[in-house]
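**Q** This structure is in structure tokens; I'll ask about it shortly.
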Amino acid sequence: MTAAATTALPEGWTTRRPTLDDATAILALVHACDMASIGEPDFTLDEVREMLTEPNTDMTVDCWLALDAEDTIVGWAYPRNADGGDRDFADVYTWPERGEPALRPLLALLMDRMAERAARFGHERYEVRAGAIPTEQDLIDALTDAGFVFLKQHARMQMSLEGVPPTAPEPPAGVTVREVRGDDEEDLRAVHSVIFQAFADTDHRGSDYESWRRQVANESSRSFDEWFVAETDGEIVGALQSSDSGIDDNEGWVKRLGVLRAYRKRGVGEALLRRAFAVYAGKGRTRAGLGVDLENPTQAARLYYAVGMTPQYRANVYQSFVTARAA
């Protein structure tokens, strides 16, 4: 098969840009992919809308839908680079089996756009990452043929909240855990600062405060009573940011958790998690979840195992680079 053939849609198939009116149909597509790869849905309608409107994502130039000859949505491609840094993420979903002919064409369109996004954000050499469940061989083959190489694995961790009391255990001596004051700019800046510093030790690219605030504002809703900070001697040394993205499936979601280096291995991270789990349980959530880089040098996965979380599934992360090209 020639390279041209692999990136051509079948006769009668088309592509177009998505709109928010497509969100429900897109969710059906993503859920079909989830069921085929991990056995259960793992995406919500709010997440679809957030991906379509994320900072630095313009549906009219950055995203595509693939439609089959019956005009049914069978593929979705979109980028993710909310802070405009030199790393983007390429997401491509195609309906299992039925939408497979759209996989390589969508990936080719998205990667071509990545070179233009590199120029837009001012980066000559631009890193692009993509994910695939290990069983998604067609996607892995398409990524590999497009020049991606395996980098590492992430895990989607989860635990049942059955039996978790709505009151958290006391934190370690000298540590106070409290809710974040969502209407207090100084408090939000402190949350961002701790998370930014904590993730500086990892492969995660932290965003500046303004970019982070835009990401928070783009979420469909925010429950600041599920955000927490840990204080020692009046100093904020740890922070936990929750997301409402799991409400649709009754899951509390830990979006970010960070502890300053000097305060690690003192039970601060566990205290933050226990407080979040208690609040989730008190609201009737049945599960708690989060994502973790299994090669995180802070050994975050060890903490999550210790509090009772286990991997629901693992995902491979692949890496490629493009050179900036003006649109």
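Ligands are numbered from 1 in the order shown, chains are lettered A, B, ... in the order of the structure tokens, and residues start at 1 in each chain.
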Using only C-alpha atoms, determine which residues lie at most 7 Å from region 197-202 of chain A, disregarding the query and same-chain residues fewer than 4 positions distant; provide the list as a ChimeraX atom specification.
**A** /A:193,206,258-261,296-297
**Q** Within 7 Å of region 47-55 of chain A, which residues of region 171-277 of chain A show up? Give each one with its shortest atom-to-atom distance in Å (one decimal) and the two atoms involved, counting only C-alpha atoms, rows by chain then rising residue number, as a tab-separated table.
**A**
```
residue	atom	partner	partner_atom	distance
A:Arg214	CA	A:Pro55	CA	6.7
A:Gln215	CA	A:Pro55	CA	6.6
A:Asn218	CA	A:Glu54	CA	6.5
A:Glu219	CA	A:Glu50	CA	6.2
A:Ser245	CA	A:Glu47	CA	6.3
```
**Q** Since we have the selection now, will you write its residues out, keeping N, CA and C atoms, as a PDB file, in the first residue's frame?
**A**
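Final output, saved to out_2.pdb:
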```pdb
ATOM      1  N   ARG A 214      -7.046  29.873  32.635  1.00  0.00           N
ATOM      2  CA  ARG A 214      -7.898  29.700  31.462  1.00  0.00           C
ATOM      3  C   ARG A 214      -8.386  28.258  31.361  1.00  0.00           C
ATOM      4  N   GLN A 215      -7.509  27.312  31.695  1.00  0.00           N
ATOM      5  CA  GLN A 215      -7.921  25.907  31.670  1.00  0.00           C
ATOM      6  C   GLN A 215      -9.005  25.646  32.705  1.00  0.00           C
ATOM      7  N   ASN A 218     -12.278  27.005  31.606  1.00  0.00           N
ATOM      8  CA  ASN A 218     -12.870  26.277  30.488  1.00  0.00           C
ATOM      9  C   ASN A 218     -13.640  25.036  30.935  1.00  0.00           C
ATOM     10  N   GLU A 219     -13.433  24.591  32.165  1.00  0.00           N
ATOM     11  CA  GLU A 219     -14.155  23.427  32.658  1.00  0.00           C
ATOM     12  C   GLU A 219     -15.635  23.769  32.806  1.00  0.00           C
ATOM     13  N   SER A 245     -15.136  16.424  35.961  1.00  0.00           N
ATOM     14  CA  SER A 245     -15.309  15.649  34.724  1.00  0.00           C
ATOM     15  C   SER A 245     -15.889  14.259  34.974  1.00  0.00           C
TER      16      SER A 245
END
```
**Q** Can you list, as a list in words, every protein, DNA or RNA residue that comes within 12 Å of Leu29 (chain A) when you count only C-alpha atoms, leaving out same-chain residues fewer than 5 positions away?
**A**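 The contact residues come out as Asp22, Ala23, Thr24, Asp34, Met35, Ala36, Pro41, Asp42, Phe43, Thr44, Leu45, Val48, Leu65, Ala66, Leu67, Thr72, Ile73, Val74, Gly75, Trp76, Ala77, Val92, Tyr93, Thr94, Trp95, Pro96, Glu97, Arg98 and Gly99 of chain A.
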**Q** When you look at region 124-140 of chain A with a cut-off of 8 Å (counting only C-alpha atoms), what residues show up, excluding the ones that are within fewer than 2 positions of it in the same chain? I need them as a PyMOL selection string.
**A** chain A and resi 37-38+86-91+100+103+114-115+118-119+122+142-144+314-324
**Q** Restricting it to C-alpha atoms, dump the selection as an mmCIF file, in the first residue's frame.
**A**
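For reference, again.cif as written:
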```cif
data_model
loop_
_atom_site.group_PDB
_atom_site.id
_atom_site.type_symbol
_atom_site.label_atom_id
_atom_site.label_comp_id
_atom_site.auth_asym_id
_atom_site.auth_seq_id
_atom_site.Cartn_x
_atom_site.Cartn_y
_atom_site.Cartn_z
ATOM 1 C CA SER A 37 -10.235 -1.021 24.350
ATOM 2 C CA ILE A 38 -10.950 -1.046 28.104
ATOM 3 C CA ASP A 86 6.576 23.378 22.741
ATOM 4 C CA ARG A 87 4.648 20.136 23.346
ATOM 5 C CA ASP A 88 1.290 19.186 21.851
ATOM 6 C CA PHE A 89 -0.870 16.080 22.169
ATOM 7 C CA ALA A 90 -2.532 14.433 19.180
ATOM 8 C CA ASP A 91 -5.798 12.611 19.846
ATOM 9 C CA GLU A 100 -10.673 2.319 10.788
ATOM 10 C CA LEU A 103 -7.576 6.622 11.126
ATOM 11 C CA MET A 114 0.938 20.367 14.162
ATOM 12 C CA ALA A 115 3.679 21.953 12.027
ATOM 13 C CA ALA A 118 4.460 24.988 16.060
ATOM 14 C CA ALA A 119 4.852 28.181 14.040
ATOM 15 C CA GLY A 122 6.765 30.208 18.147
ATOM 16 C CA ALA A 142 -0.565 4.172 12.397
ATOM 17 C CA LEU A 143 1.435 6.153 14.952
ATOM 18 C CA THR A 144 4.573 4.106 14.317
ATOM 19 C CA ARG A 314 -2.548 1.413 31.193
ATOM 20 C CA ALA A 315 -1.916 3.548 28.118
ATOM 21 C CA ASN A 316 1.214 3.795 25.994
ATOM 22 C CA VAL A 317 2.579 7.254 25.261
ATOM 23 C CA TYR A 318 4.327 7.856 21.931
ATOM 24 C CA GLN A 319 6.500 10.762 20.844
ATOM 25 C CA SER A 320 7.381 12.501 17.594
ATOM 26 C CA PHE A 321 8.723 15.893 16.481
ATOM 27 C CA VAL A 322 7.732 18.279 13.723
ATOM 28 C CA THR A 323 9.384 21.386 12.334
ATOM 29 C CA ALA A 324 7.478 24.655 12.343
#
```
**Q** Run DSSP on the backbone and give me the residues of region 197-230 of chain A it puts in helix (DSSP H, G or I), as a PyMOL selection string.
**A** chain A and resi 197-199+209-218+224-226
**Q** Name all residues at most 8 Å from Asp83 (chain A) (count only C-alpha atoms; drop same-chain ones fewer than 3 positions away) and give them as a list in words.
**A**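 In the requested form, the answer reads Pro55, Asn56, Ser207, Asp208, Ser211 and Trp212 of chain A.
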**Q** Atoms to include: N, CA and C atoms. Write the selected residues as a CSV table (one decimal), in the first residue's frame.
**A**
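What ended up in selection.csv:
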```
chain,number,residue,atom,x,y,z
A,55,PRO,N,-8.3,26.0,25.7
A,55,PRO,CA,-7.5,27.1,25.2
A,55,PRO,C,-6.5,26.6,24.2
A,56,ASN,N,-6.3,27.4,23.1
A,56,ASN,CA,-5.4,27.1,22.0
A,56,ASN,C,-5.9,26.0,21.1
A,207,SER,N,2.1,24.9,33.3
A,207,SER,CA,1.8,26.1,32.6
A,207,SER,C,1.8,27.3,33.6
A,208,ASP,N,2.0,28.5,33.0
A,208,ASP,CA,2.0,29.7,33.8
A,208,ASP,C,0.6,29.9,34.4
A,211,SER,N,-2.4,30.8,32.0
A,211,SER,CA,-2.8,29.7,31.2
A,211,SER,C,-3.6,28.7,32.0
A,212,TRP,N,-3.1,28.4,33.2
A,212,TRP,CA,-3.8,27.5,34.2
A,212,TRP,C,-5.2,28.0,34.5
```
**Q** What gap, in Å, lies between CA of Pro171 (chain A) and CA of Gly289 (chain A)?
**A** 21.0 Å
**Q** Taking the DSSP assignment computed from this structure's backbone, write out as number ranges by chain all residues of region 105-252 of chain A that belong to strand (DSSP E or B).
**A** A: 125-132, 149-160, 176-179, 228-232, 235-243, 251-252
**Q** Write the residues of the selection above to a file with C-alpha atoms, as a short mmCIF file (atom, residue, chain, number, x, y, z; two decimals), in the first residue's frame.
**A**
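Contents of again-v9.cif, as written:
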```cif
data_model
loop_
_atom_site.label_atom_id
_atom_site.label_comp_id
_atom_site.auth_asym_id
_atom_site.auth_seq_id
_atom_site.Cartn_x
_atom_site.Cartn_y
_atom_site.Cartn_z
CA ARG A 125 11.12 22.17 16.87
CA TYR A 126 7.80 20.95 18.24
CA GLU A 127 7.18 17.80 20.25
CA VAL A 128 3.97 15.86 19.60
CA ARG A 129 2.76 13.08 21.85
CA ALA A 130 -0.04 10.59 21.35
CA GLY A 131 -1.56 7.82 23.43
CA ALA A 132 -2.86 4.34 22.71
CA VAL A 149 8.22 6.07 18.93
CA PHE A 150 7.21 4.53 22.26
CA LEU A 151 8.11 6.75 25.22
CA LYS A 152 6.48 5.38 28.39
CA GLN A 153 3.21 4.34 30.01
CA HIS A 154 0.55 6.13 32.00
CA ALA A 155 -1.97 4.42 34.25
CA ARG A 156 -5.57 5.30 34.89
CA MET A 157 -5.92 4.59 38.63
CA GLN A 158 -9.20 3.98 40.41
CA MET A 159 -10.62 2.83 43.73
CA SER A 160 -14.04 2.12 45.17
CA THR A 176 -3.49 21.23 58.38
CA VAL A 177 -5.68 20.37 55.39
CA ARG A 178 -8.36 22.85 54.33
CA GLU A 179 -10.54 23.72 51.37
CA PHE A 228 -7.59 21.26 49.10
CA VAL A 229 -4.30 22.64 50.36
CA ALA A 230 -2.02 21.33 53.08
CA GLU A 231 -0.37 23.90 55.32
CA THR A 232 2.60 23.66 57.66
CA GLU A 235 2.80 27.84 54.51
CA ILE A 236 0.98 25.98 51.74
CA VAL A 237 3.17 22.95 50.98
CA GLY A 238 0.74 20.70 49.10
CA ALA A 239 -2.32 21.08 46.89
CA LEU A 240 -4.98 18.87 45.33
CA GLN A 241 -7.09 20.04 42.39
CA SER A 242 -10.24 18.08 41.62
CA SER A 243 -12.25 18.09 38.42
CA GLU A 251 -16.56 9.36 40.07
CA GLY A 252 -14.48 11.87 42.01
#
```
**Q** I'd like the neighbourhood of Gly163 (chain A) as an NGL selection string, where a residue qualifies if any of its atoms comes within 12 Å (using only C-alpha atoms), though same-chain residues fewer than 5 positions away should be ignored.
**A** :A and (277-278 or 280-282 or 284-287)
**Q** Rounded to one decimal in Å, what is the spacing between CA of Asp141 (chain A) and CA of Met111 (chain A)?
**A**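 These atoms are spaced 15.3 Å apart.
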**Q** Just to confirm, what's the straight-line distance from CA of Arg16 (chain A) to CA of Ala108 (chain A) in Å (one decimal)?
**A** 14.5 Å
**Q** Do you know which residues are at most 10 Å from Ala327 (chain A) counting only C-alpha atoms, after dropping those on the same chain fewer than 5 positions away, and could you put them as number ranges by chain?
**A** A: 112-113, 115-117, 119-120
